[in-house]
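Asks: This is query.cif (mmCIF, C-alpha atoms and all ligand atoms).
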data_run
#
loop_
_atom_site.group_PDB
_atom_site.id
_atom_site.type_symbol
_atom_site.label_atom_id
_atom_site.label_comp_id
_atom_site.auth_asym_id
_atom_site.auth_seq_id
_atom_site.Cartn_x
_atom_site.Cartn_y
_atom_site.Cartn_z
ATOM 1 C CA MET A 1 19.741 53.862 -97.727
ATOM 2 C CA ALA A 2 17.457 54.518 -100.680
ATOM 3 C CA LEU A 3 13.860 53.505 -100.347
ATOM 4 C CA GLU A 4 12.686 51.401 -103.240
ATOM 5 C CA MET A 5 9.120 50.816 -104.253
ATOM 6 C CA GLU A 6 8.317 47.109 -104.376
ATOM 7 C CA SER A 7 5.862 45.021 -106.265
ATOM 8 C CA MET A 8 3.272 42.943 -104.473
ATOM 9 C CA ASP A 9 4.666 39.656 -105.748
ATOM 10 C CA ASN A 10 6.277 38.532 -102.524
ATOM 11 C CA ARG A 11 3.105 37.778 -100.614
ATOM 12 C CA ALA A 12 4.432 34.305 -99.874
ATOM 13 C CA ASP A 13 6.946 35.935 -97.489
ATOM 14 C CA ILE A 14 4.203 37.136 -95.166
ATOM 15 C CA SER A 15 4.736 35.764 -91.699
ATOM 16 C CA GLN A 16 1.885 33.691 -90.315
ATOM 17 C CA ASP A 17 2.909 34.454 -86.732
ATOM 18 C CA VAL A 18 0.799 32.607 -84.183
ATOM 19 C CA LEU A 19 -2.386 32.293 -86.199
ATOM 20 C CA SER A 20 -4.254 29.144 -86.992
ATOM 21 C CA ASN A 21 -4.342 28.552 -90.719
ATOM 22 C CA GLU A 22 -8.059 29.260 -90.881
ATOM 23 C CA VAL A 23 -7.876 32.626 -89.070
ATOM 24 C CA PHE A 24 -4.734 33.589 -90.994
ATOM 25 C CA LEU A 25 -6.308 32.927 -94.381
ATOM 26 C CA ASP A 26 -9.569 34.617 -93.443
ATOM 27 C CA ILE A 27 -7.933 37.864 -92.287
ATOM 28 C CA ARG A 28 -5.361 37.882 -95.079
ATOM 29 C CA GLU A 29 -8.116 37.416 -97.637
ATOM 30 C CA ARG A 30 -10.038 40.358 -96.194
ATOM 31 C CA ILE A 31 -7.025 42.650 -96.345
ATOM 32 C CA VAL A 32 -5.769 41.731 -99.773
ATOM 33 C CA ASP A 33 -9.182 41.947 -101.417
ATOM 34 C CA LEU A 34 -10.758 44.669 -99.374
ATOM 35 C CA GLU A 35 -12.309 47.285 -101.585
ATOM 36 C CA SER A 36 -12.565 49.776 -98.747
ATOM 37 C CA LEU A 37 -8.774 49.949 -98.585
ATOM 38 C CA PRO A 38 -7.844 51.025 -102.096
ATOM 39 C CA ALA A 39 -4.403 51.787 -103.418
ATOM 40 C CA PRO A 40 -2.852 54.832 -101.740
ATOM 41 C CA ASN A 41 -4.111 58.134 -103.124
ATOM 42 C CA SER A 42 -2.247 59.675 -106.040
ATOM 43 C CA ALA A 43 -0.707 62.470 -103.953
ATOM 44 C CA LEU A 44 0.791 59.894 -101.566
ATOM 45 C CA VAL A 45 2.179 57.834 -104.459
ATOM 46 C CA ARG A 46 3.709 60.971 -106.024
ATOM 47 C CA LEU A 47 5.347 61.985 -102.762
ATOM 48 C CA LEU A 48 6.699 58.522 -102.042
ATOM 49 C CA GLY A 49 8.163 58.628 -105.557
ATOM 50 C CA LEU A 50 9.765 62.012 -104.884
ATOM 51 C CA LEU A 51 11.283 60.756 -101.636
ATOM 52 C CA ASN A 52 13.061 58.157 -103.682
ATOM 53 C CA GLN A 53 14.814 60.640 -105.952
ATOM 54 C CA ASP A 54 18.188 62.004 -104.935
ATOM 55 C CA SER A 55 17.774 64.725 -107.544
ATOM 56 C CA CYS A 56 14.438 65.908 -106.145
ATOM 57 C CA THR A 57 14.295 69.721 -106.332
ATOM 58 C CA PRO A 58 12.278 72.259 -104.300
ATOM 59 C CA ARG A 59 10.477 73.172 -107.529
ATOM 60 C CA ALA A 60 9.400 69.533 -108.098
ATOM 61 C CA VAL A 61 8.115 69.270 -104.520
ATOM 62 C CA THR A 62 6.244 72.570 -104.841
ATOM 63 C CA LYS A 63 4.656 71.447 -108.106
ATOM 64 C CA ALA A 64 3.602 68.103 -106.654
ATOM 65 C CA ILE A 65 1.954 69.827 -103.690
ATOM 66 C CA GLU A 66 0.260 72.581 -105.667
ATOM 67 C CA LYS A 67 -1.441 69.990 -107.880
ATOM 68 C CA ASP A 68 -3.602 69.222 -104.868
ATOM 69 C CA PRO A 69 -5.096 72.444 -103.411
ATOM 70 C CA SER A 70 -6.439 70.812 -100.255
ATOM 71 C CA LEU A 71 -3.007 69.299 -99.582
ATOM 72 C CA ALA A 72 -1.332 72.659 -100.238
ATOM 73 C CA SER A 73 -3.705 74.320 -97.796
ATOM 74 C CA GLN A 74 -2.970 71.739 -95.092
ATOM 75 C CA VAL A 75 0.776 72.131 -95.603
ATOM 76 C CA LEU A 76 0.504 75.903 -95.139
ATOM 77 C CA LYS A 77 -1.636 75.532 -92.015
ATOM 78 C CA ILE A 78 0.810 73.077 -90.437
ATOM 79 C CA ALA A 79 3.845 75.175 -91.438
ATOM 80 C CA ASN A 80 2.168 78.146 -89.707
ATOM 81 C CA SER A 81 1.161 76.141 -86.614
ATOM 82 C CA ALA A 82 2.755 76.418 -83.194
ATOM 83 C CA PHE A 83 4.765 73.315 -84.031
ATOM 84 C CA TYR A 84 7.191 75.390 -86.104
ATOM 85 C CA GLY A 85 6.776 78.642 -84.186
ATOM 86 C CA LEU A 86 6.245 80.671 -87.383
ATOM 87 C CA ARG A 87 2.587 81.602 -86.998
ATOM 88 C CA GLY A 88 1.248 83.426 -90.047
ATOM 89 C CA LYS A 89 4.613 84.001 -91.715
ATOM 90 C CA ILE A 90 4.343 81.373 -94.462
ATOM 91 C CA LYS A 91 2.068 82.287 -97.348
ATOM 92 C CA SER A 92 3.220 79.879 -100.071
ATOM 93 C CA ILE A 93 4.728 76.419 -100.520
ATOM 94 C CA ASP A 94 7.921 78.048 -101.842
ATOM 95 C CA ARG A 95 8.216 80.076 -98.638
ATOM 96 C CA ALA A 96 7.484 77.001 -96.523
ATOM 97 C CA ILE A 97 10.457 75.274 -98.153
ATOM 98 C CA VAL A 98 12.662 78.288 -97.428
ATOM 99 C CA PHE A 99 11.568 78.592 -93.779
ATOM 100 C CA ILE A 100 11.266 75.000 -92.598
ATOM 101 C CA GLY A 101 13.174 73.114 -95.314
ATOM 102 C CA MET A 102 12.201 70.776 -98.101
ATOM 103 C CA GLU A 103 12.457 67.672 -95.964
ATOM 104 C CA GLU A 104 10.024 69.025 -93.399
ATOM 105 C CA VAL A 105 7.579 70.020 -96.129
ATOM 106 C CA ARG A 106 7.741 66.520 -97.565
ATOM 107 C CA ASN A 107 7.163 65.026 -94.107
ATOM 108 C CA ILE A 108 4.119 67.235 -93.601
ATOM 109 C CA CYS A 109 2.775 66.121 -96.977
ATOM 110 C CA LEU A 110 3.230 62.452 -96.240
ATOM 111 C CA THR A 111 1.456 62.850 -92.911
ATOM 112 C CA ALA A 112 -1.397 64.825 -94.473
ATOM 113 C CA CYS A 113 -1.814 62.329 -97.345
ATOM 114 C CA LEU A 114 -1.824 59.356 -95.010
ATOM 115 C CA SER A 115 -4.383 60.909 -92.683
ATOM 116 C CA GLN A 116 -6.497 61.803 -95.736
ATOM 117 C CA GLN A 117 -6.429 58.182 -96.851
ATOM 118 C CA PHE A 118 -8.232 57.081 -93.690
ATOM 119 C CA LYS A 119 -10.318 60.177 -93.087
ATOM 120 C CA GLY A 120 -14.072 59.621 -93.250
ATOM 121 C CA LEU A 121 -13.836 55.859 -92.760
ATOM 122 C CA ASP A 122 -16.062 54.312 -90.166
ATOM 123 C CA PHE A 123 -13.967 53.214 -87.184
ATOM 124 C CA ALA A 124 -14.705 50.700 -84.426
ATOM 125 C CA PRO A 125 -16.463 52.433 -81.488
ATOM 126 C CA SER A 126 -13.582 51.887 -79.058
ATOM 127 C CA PHE A 127 -10.883 53.171 -81.403
ATOM 128 C CA ASP A 128 -9.315 56.357 -80.096
ATOM 129 C CA ILE A 129 -8.358 58.215 -83.286
ATOM 130 C CA PRO A 130 -6.554 61.150 -81.635
ATOM 131 C CA SER A 131 -4.403 58.813 -79.519
ATOM 132 C CA PHE A 132 -3.503 56.804 -82.584
ATOM 133 C CA TRP A 133 -2.397 59.806 -84.637
ATOM 134 C CA GLN A 134 -0.622 61.495 -81.762
ATOM 135 C CA HIS A 135 1.367 58.327 -81.137
ATOM 136 C CA SER A 136 2.202 57.935 -84.850
ATOM 137 C CA LEU A 137 3.229 61.581 -85.218
ATOM 138 C CA LEU A 138 5.291 61.574 -82.052
ATOM 139 C CA THR A 139 7.021 58.352 -83.046
ATOM 140 C CA ALA A 140 7.755 59.789 -86.511
ATOM 141 C CA ILE A 141 9.253 63.004 -85.122
ATOM 142 C CA LEU A 142 11.231 61.207 -82.415
ATOM 143 C CA SER A 143 12.557 58.684 -84.983
ATOM 144 C CA ARG A 144 13.623 61.574 -87.198
ATOM 145 C CA ASN A 145 15.290 63.456 -84.339
ATOM 146 C CA MET A 146 17.154 60.351 -83.195
ATOM 147 C CA ALA A 147 18.232 59.661 -86.783
ATOM 148 C CA ALA A 148 19.702 63.190 -86.969
ATOM 149 C CA LYS A 149 22.244 62.080 -84.328
ATOM 150 C CA MET A 150 23.173 58.938 -86.270
ATOM 151 C CA ASP A 151 25.097 58.342 -89.450
ATOM 152 C CA TRP A 152 23.421 55.154 -90.675
ATOM 153 C CA ILE A 153 19.898 56.331 -91.480
ATOM 154 C CA ALA A 154 18.451 59.346 -93.297
ATOM 155 C CA THR A 155 16.134 61.494 -91.217
ATOM 156 C CA GLN A 156 13.361 61.426 -93.839
ATOM 157 C CA GLU A 157 13.424 57.627 -93.911
ATOM 158 C CA ALA A 158 13.246 57.482 -90.106
ATOM 159 C CA TYR A 159 10.227 59.830 -90.137
ATOM 160 C CA LEU A 160 8.381 57.634 -92.650
ATOM 161 C CA LEU A 161 9.140 54.453 -90.693
ATOM 162 C CA GLY A 162 7.904 56.010 -87.459
ATOM 163 C CA LEU A 163 4.786 57.437 -89.066
ATOM 164 C CA LEU A 164 3.710 54.122 -90.581
ATOM 165 C CA HIS A 165 4.825 51.651 -87.898
ATOM 166 C CA ASP A 166 1.331 51.090 -86.417
ATOM 167 C CA LEU A 167 -0.555 51.194 -89.729
ATOM 168 C CA GLY A 168 -2.065 47.781 -88.921
ATOM 169 C CA ARG A 169 -4.007 49.279 -85.997
ATOM 170 C CA LEU A 170 -5.682 51.680 -88.399
ATOM 171 C CA VAL A 171 -6.595 48.786 -90.662
ATOM 172 C CA ILE A 172 -8.075 46.678 -87.848
ATOM 173 C CA ALA A 173 -10.046 49.625 -86.451
ATOM 174 C CA SER A 174 -11.396 50.661 -89.845
ATOM 175 C CA VAL A 175 -12.278 47.354 -91.496
ATOM 176 C CA MET A 176 -12.494 44.765 -88.712
ATOM 177 C CA HIS A 177 -14.715 46.402 -86.117
ATOM 178 C CA ASP A 178 -15.739 43.193 -84.359
ATOM 179 C CA TYR A 179 -12.184 41.964 -84.208
ATOM 180 C CA PHE A 180 -10.993 45.306 -82.827
ATOM 181 C CA GLU A 181 -13.661 45.246 -80.099
ATOM 182 C CA LYS A 182 -12.671 41.660 -79.200
ATOM 183 C CA ILE A 183 -9.069 42.793 -78.775
ATOM 184 C CA ILE A 184 -10.164 45.663 -76.513
ATOM 185 C CA SER A 185 -12.298 43.285 -74.413
ATOM 186 C CA GLN A 186 -9.338 40.930 -74.142
ATOM 187 C CA GLN A 187 -7.082 43.806 -73.070
ATOM 188 C CA ARG A 188 -9.544 44.950 -70.412
ATOM 189 C CA ALA A 189 -10.048 41.412 -69.100
ATOM 190 C CA SER A 190 -6.371 40.527 -69.001
ATOM 191 C CA GLY A 191 -4.908 43.914 -68.057
ATOM 192 C CA THR A 192 -2.102 43.432 -70.571
ATOM 193 C CA GLY A 193 -0.908 45.744 -73.314
ATOM 194 C CA LEU A 194 -2.786 46.033 -76.594
ATOM 195 C CA PHE A 195 -0.182 44.028 -78.519
ATOM 196 C CA GLU A 196 -0.418 41.113 -76.080
ATOM 197 C CA ALA A 197 -4.228 41.278 -76.331
ATOM 198 C CA GLU A 198 -3.950 41.109 -80.134
ATOM 199 C CA LEU A 199 -1.721 38.034 -79.906
ATOM 200 C CA ALA A 200 -4.179 36.378 -77.520
ATOM 201 C CA THR A 201 -7.141 37.198 -79.790
ATOM 202 C CA GLY A 202 -5.819 36.399 -83.252
ATOM 203 C CA SER A 203 -3.636 38.447 -85.506
ATOM 204 C CA PRO A 204 -1.442 41.321 -84.322
ATOM 205 C CA HIS A 205 -1.414 44.755 -85.971
ATOM 206 C CA THR A 206 2.166 44.060 -87.037
ATOM 207 C CA THR A 207 1.135 41.233 -89.359
ATOM 208 C CA ILE A 208 -1.982 42.989 -90.653
ATOM 209 C CA GLY A 209 -0.056 46.219 -91.263
ATOM 210 C CA SER A 210 2.572 44.342 -93.258
ATOM 211 C CA TRP A 211 -0.146 42.968 -95.544
ATOM 212 C CA LEU A 212 -1.296 46.493 -96.317
ATOM 213 C CA ALA A 213 2.326 47.553 -96.879
ATOM 214 C CA ILE A 214 2.583 44.793 -99.476
ATOM 215 C CA LYS A 215 -0.767 45.688 -101.027
ATOM 216 C CA TRP A 216 0.390 49.287 -101.346
ATOM 217 C CA GLY A 217 3.847 48.300 -102.609
ATOM 218 C CA LEU A 218 5.601 50.169 -99.796
ATOM 219 C CA PRO A 219 9.402 49.837 -99.574
ATOM 220 C CA ASP A 220 11.000 46.823 -97.823
ATOM 221 C CA PRO A 221 12.207 48.739 -94.741
ATOM 222 C CA VAL A 222 8.714 50.135 -94.183
ATOM 223 C CA ARG A 223 7.090 46.717 -94.509
ATOM 224 C CA ASP A 224 9.605 45.054 -92.181
ATOM 225 C CA VAL A 225 9.528 47.793 -89.546
ATOM 226 C CA ILE A 226 5.734 47.484 -89.513
ATOM 227 C CA LEU A 227 6.080 43.706 -89.124
ATOM 228 C CA TYR A 228 8.899 43.624 -86.548
ATOM 229 C CA HIS A 229 8.815 46.827 -84.498
ATOM 230 C CA HIS A 230 7.668 44.806 -81.465
ATOM 231 C CA ASN A 231 10.432 42.231 -82.088
ATOM 232 C CA PRO A 232 13.301 44.191 -83.672
ATOM 233 C CA THR A 233 15.873 41.440 -83.184
ATOM 234 C CA GLU A 234 13.920 39.291 -85.666
ATOM 235 C CA ALA A 235 13.864 41.961 -88.387
ATOM 236 C CA GLY A 236 16.761 40.509 -90.413
ATOM 237 C CA ARG A 237 18.424 43.192 -92.541
ATOM 238 C CA PHE A 238 16.309 45.925 -90.924
ATOM 239 C CA THR A 239 16.992 45.198 -87.251
ATOM 240 C CA ARG A 240 18.520 48.659 -86.741
ATOM 241 C CA GLU A 241 15.549 50.444 -88.287
ATOM 242 C CA ALA A 242 13.042 48.351 -86.302
ATOM 243 C CA SER A 243 15.042 49.013 -83.112
ATOM 244 C CA LEU A 244 15.124 52.754 -83.725
ATOM 245 C CA VAL A 245 11.348 52.871 -84.211
ATOM 246 C CA GLN A 246 10.685 50.717 -81.139
ATOM 247 C CA ILE A 247 12.787 53.097 -79.045
ATOM 248 C CA ALA A 248 10.985 56.139 -80.494
ATOM 249 C CA SER A 249 7.649 54.449 -79.823
ATOM 250 C CA PHE A 250 8.690 53.781 -76.226
ATOM 251 C CA ILE A 251 9.661 57.417 -75.679
ATOM 252 C CA SER A 252 6.420 58.520 -77.336
ATOM 253 C CA LYS A 253 4.365 56.350 -74.971
ATOM 254 C CA SER A 254 6.238 57.739 -72.000
ATOM 255 C CA PHE A 255 5.133 61.245 -73.131
ATOM 256 C CA GLU A 256 1.499 60.319 -73.692
ATOM 257 C CA SER A 257 -0.791 60.651 -70.727
ATOM 258 C CA SER A 258 -2.815 57.636 -71.868
ATOM 259 C CA GLY A 259 -0.896 55.496 -74.298
ATOM 260 C CA LEU A 260 -2.597 53.236 -76.804
ATOM 261 C CA SER A 261 -0.782 50.178 -75.624
ATOM 262 C CA GLY A 262 -1.308 50.257 -71.876
ATOM 263 C CA ALA A 263 1.836 49.326 -69.982
ATOM 264 C CA ILE A 264 5.010 51.092 -71.092
ATOM 265 C CA GLN A 265 7.784 48.771 -72.141
ATOM 266 C CA VAL A 266 11.398 49.717 -71.709
ATOM 267 C CA PRO A 267 13.536 48.875 -74.751
ATOM 268 C CA ALA A 268 15.799 45.886 -74.102
ATOM 269 C CA SER A 269 19.501 46.646 -73.896
ATOM 270 C CA GLU A 270 19.920 44.484 -77.014
ATOM 271 C CA VAL A 271 17.541 46.791 -78.912
ATOM 272 C CA LEU A 272 19.401 49.903 -77.748
ATOM 273 C CA ALA A 273 22.683 48.328 -78.836
ATOM 274 C CA LEU A 274 21.264 47.476 -82.270
ATOM 275 C CA ALA A 275 20.255 51.108 -82.808
ATOM 276 C CA GLY A 276 23.606 52.285 -81.464
ATOM 277 C CA ILE A 277 22.177 54.168 -78.460
ATOM 278 C CA SER A 278 23.480 53.884 -74.902
ATOM 279 C CA GLU A 279 21.148 54.109 -71.884
ATOM 280 C CA GLU A 280 22.690 57.474 -71.031
ATOM 281 C CA GLU A 281 22.059 58.804 -74.542
ATOM 282 C CA LEU A 282 18.472 57.536 -74.383
ATOM 283 C CA SER A 283 17.886 59.338 -71.132
ATOM 284 C CA GLN A 284 19.495 62.549 -72.430
ATOM 285 C CA PHE A 285 17.513 62.402 -75.684
ATOM 286 C CA THR A 286 14.246 61.826 -73.786
ATOM 287 C CA ASP A 287 14.945 64.893 -71.638
ATOM 288 C CA GLU A 288 15.708 67.001 -74.724
ATOM 289 C CA GLU A 289 12.421 66.030 -76.364
ATOM 290 C CA LYS A 290 10.144 66.632 -73.370
ATOM 291 C CA GLY A 291 7.183 68.830 -74.305
ATOM 292 C CA LEU A 292 7.068 67.555 -77.900
ATOM 293 C CA ASP A 293 3.681 65.941 -77.212
ATOM 294 C CA LYS A 294 2.197 69.401 -76.507
ATOM 295 C CA VAL A 295 3.166 70.908 -79.857
ATOM 296 C CA VAL A 296 2.159 67.780 -81.759
ATOM 297 C CA VAL A 297 -1.436 68.418 -80.648
ATOM 298 C CA ASP A 298 -1.447 71.553 -82.820
ATOM 299 C CA PHE A 299 -0.182 69.566 -85.798
ATOM 300 C CA PHE A 300 -2.976 67.053 -85.193
ATOM 301 C CA ASN A 301 -5.666 69.729 -84.950
ATOM 302 C CA VAL A 302 -4.758 71.049 -88.389
ATOM 303 C CA LEU A 303 -5.050 67.576 -89.891
ATOM 304 C CA PHE A 304 -8.361 66.682 -88.310
ATOM 305 C CA GLY A 305 -10.043 69.902 -87.262
ATOM 306 C CA PRO A 306 -11.846 70.530 -83.977
ATOM 307 C CA ASN A 307 -14.015 67.399 -84.305
ATOM 308 C CA GLY A 308 -10.964 65.241 -84.682
ATOM 309 C CA SER A 309 -10.217 65.597 -81.013
ATOM 310 C CA ARG A 310 -13.303 63.714 -79.910
ATOM 311 C CA ARG A 311 -13.242 60.004 -79.308
ATOM 312 C CA HIS A 312 -14.638 58.515 -82.496
ATOM 313 C CA GLY A 313 -17.847 56.546 -82.156
ATOM 314 C CA SER A 314 -18.500 57.494 -78.553
HETATM 315 FE FE FE B 401 2.978 48.691 -82.642
#
Could you take the file, read its structure, and then write that structure out as structure tokens?
Ligand SMILES: [Fe+2]
Replies:
Amino acid sequence: MALEMESMDNRADISQDVLSNEVFLDIRERIVDLESLPAPNSALVRLLGLLNQDSCTPRAVTKAIEKDPSLASQVLKIANSAFYGLRGKIKSIDRAIVFIGMEEVRNICLTACLSQQFKGLDFAPSFDIPSFWQHSLLTAILSRNMAAKMDWIATQEAYLLGLLHDLGRLVIASVMHDYFEKIISQQRASGTGLFEAELATGSPHTTIGSWLAIKWGLPDPVRDVILYHHNPTEAGRFTREASLVQIASFISKSFESSGLSGAIQVPASEVLALAGISEEELSQFTDEEKGLDKVVVDFFNVLFGPNGSRRHGS
């Protein structure tokens, strides 16, 4: 399925979920008008555009990356990291494309651009930045690897959906500090998962993330996976995509020593069926991917440097 960039004109479709009108309007207003969350940076826009072109060539990707020296440098560092097992062998973007493939280079770029977008922002004291990014990266890679075994979704689309699924958490933690801390207090008091604590406090990250997806004009599948990845059966024409990402997120949490969301939820059999995965295949896939969380740490360290591994604000 081709990803298509959308305009922001369908704001009326935004789900109000469980919010009171007052809270809904207040938070929506803050997201839509927030100056601290500008349009995505130009490198990210260029790469999203390239993803959308069937005729995209290695030369076009190389050119797009080389226009941004700091991005090019990050791509080379990640391509040479333990994640790909090619330490020191890749000296240029051209060579990176030869060694790890154009799709992988594009995925690295998207990840680097997205992390850059939020780098340097002031986050709520209780927000654990490394856990967030590790979960997003793991979910992206697991979504991609699952997609490689399926014939209904492109691997690059699955990676993007997995990478962006929890975008709303980044928004809450960066621009709604008080609200984020209230959610954490609610989670600690109730002993539930983070999503349940969000629902009990006000607006979930799914709804808030979908507003940013609209503000940024991200493609429909991205917006709807962000909105429905905790309730894939409600995702309308993107139920399969939302199911795939929920399953990847579940596997990711099972790999993380301290997941962001507290209690691990097992995907419902209905969700597995929607994605076309049997319980046996899920178990086999999970076994195959064990250890992925260890190599993702290296990927993360390149993006954020040694200071990125500390708990922000503590
Ligand atoms: Fe989520």
Asks: Which value, in Å to one decimal, gives the distance between atom CA of Asp220 of chain A and atom CA of Thr239 of chain A?
Replies: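 According to the coordinates, atom CA of Asp220 of chain A and atom CA of Thr239 of chain A are separated by 12.3 Å.
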Asks: Please produce, as JSON lines, a per-residue contact table for chain A versus ligand FE 401 (chain B) (criterion: any atom at most 8 Å away, all atoms listed in the file considered), showing the nearest atom pair and its distance in Å to one decimal, sorted by chain then residue number.
Replies:
{"residue": "A:His165", "atom": "CA", "partner": "B:FE401", "partner_atom": "FE", "distance": 6.3}
{"residue": "A:Asp166", "atom": "CA", "partner": "B:FE401", "partner_atom": "FE", "distance": 4.8}
{"residue": "A:Arg169", "atom": "CA", "partner": "B:FE401", "partner_atom": "FE", "distance": 7.8}
{"residue": "A:Phe195", "atom": "CA", "partner": "B:FE401", "partner_atom": "FE", "distance": 7.0}
{"residue": "A:His205", "atom": "CA", "partner": "B:FE401", "partner_atom": "FE", "distance": 6.8}
{"residue": "A:Thr206", "atom": "CA", "partner": "B:FE401", "partner_atom": "FE", "distance": 6.4}
{"residue": "A:Ile226", "atom": "CA", "partner": "B:FE401", "partner_atom": "FE", "distance": 7.5}
{"residue": "A:His229", "atom": "CA", "partner": "B:FE401", "partner_atom": "FE", "distance": 6.4}
{"residue": "A:His230", "atom": "CA", "partner": "B:FE401", "partner_atom": "FE", "distance": 6.2}
{"residue": "A:Ser249", "atom": "CA", "partner": "B:FE401", "partner_atom": "FE", "distance": 7.9}
Asks: Store the residues of this selection in a file with C-alpha atoms, as a compact mmCIF listing (two decimals), keeping the file's coordinate frame.
Replies:
# COMPACT_ATOMS: atom_id res chain seq x y z
CA HIS A 165 4.82 51.65 -87.90
CA ASP A 166 1.33 51.09 -86.42
CA ARG A 169 -4.01 49.28 -86.00
CA PHE A 195 -0.18 44.03 -78.52
CA HIS A 205 -1.41 44.76 -85.97
CA THR A 206 2.17 44.06 -87.04
CA ILE A 226 5.73 47.48 -89.51
CA HIS A 229 8.82 46.83 -84.50
CA HIS A 230 7.67 44.81 -81.46
CA SER A 249 7.65 54.45 -79.82
Asks: Let me know the residues the PyMOL selection byres (((chain A and resi 103) around 10) and not hetatm) catches in the file above, as a count of residues only.
Replies: 15
Asks: Please compute the atom CA of Thr201 of chain A-atom CA of Glu234 of chain A distance, one decimal, in Å.
Replies: 22.0 Å
Asks: Please evaluate the PyMOL selection byres (((chain A and resi 153) around 10) and not hetatm) against the structure above and give the resulting residues as a list in words.
Replies: Met1, Ala2, Arg144, Met146, Ala147, Ala148, Lys149, Met150, Asp151, Trp152, Ala154, Thr155, Gln156, Glu157, Ala158, Arg240, Glu241 and Leu244 of chain A
Asks: State, in Å with one decimal place, the distance from atom CA of Asp287 of chain A to atom CA of Val245 of chain A.
Replies: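 Distance between the two atoms: 17.8 Å.
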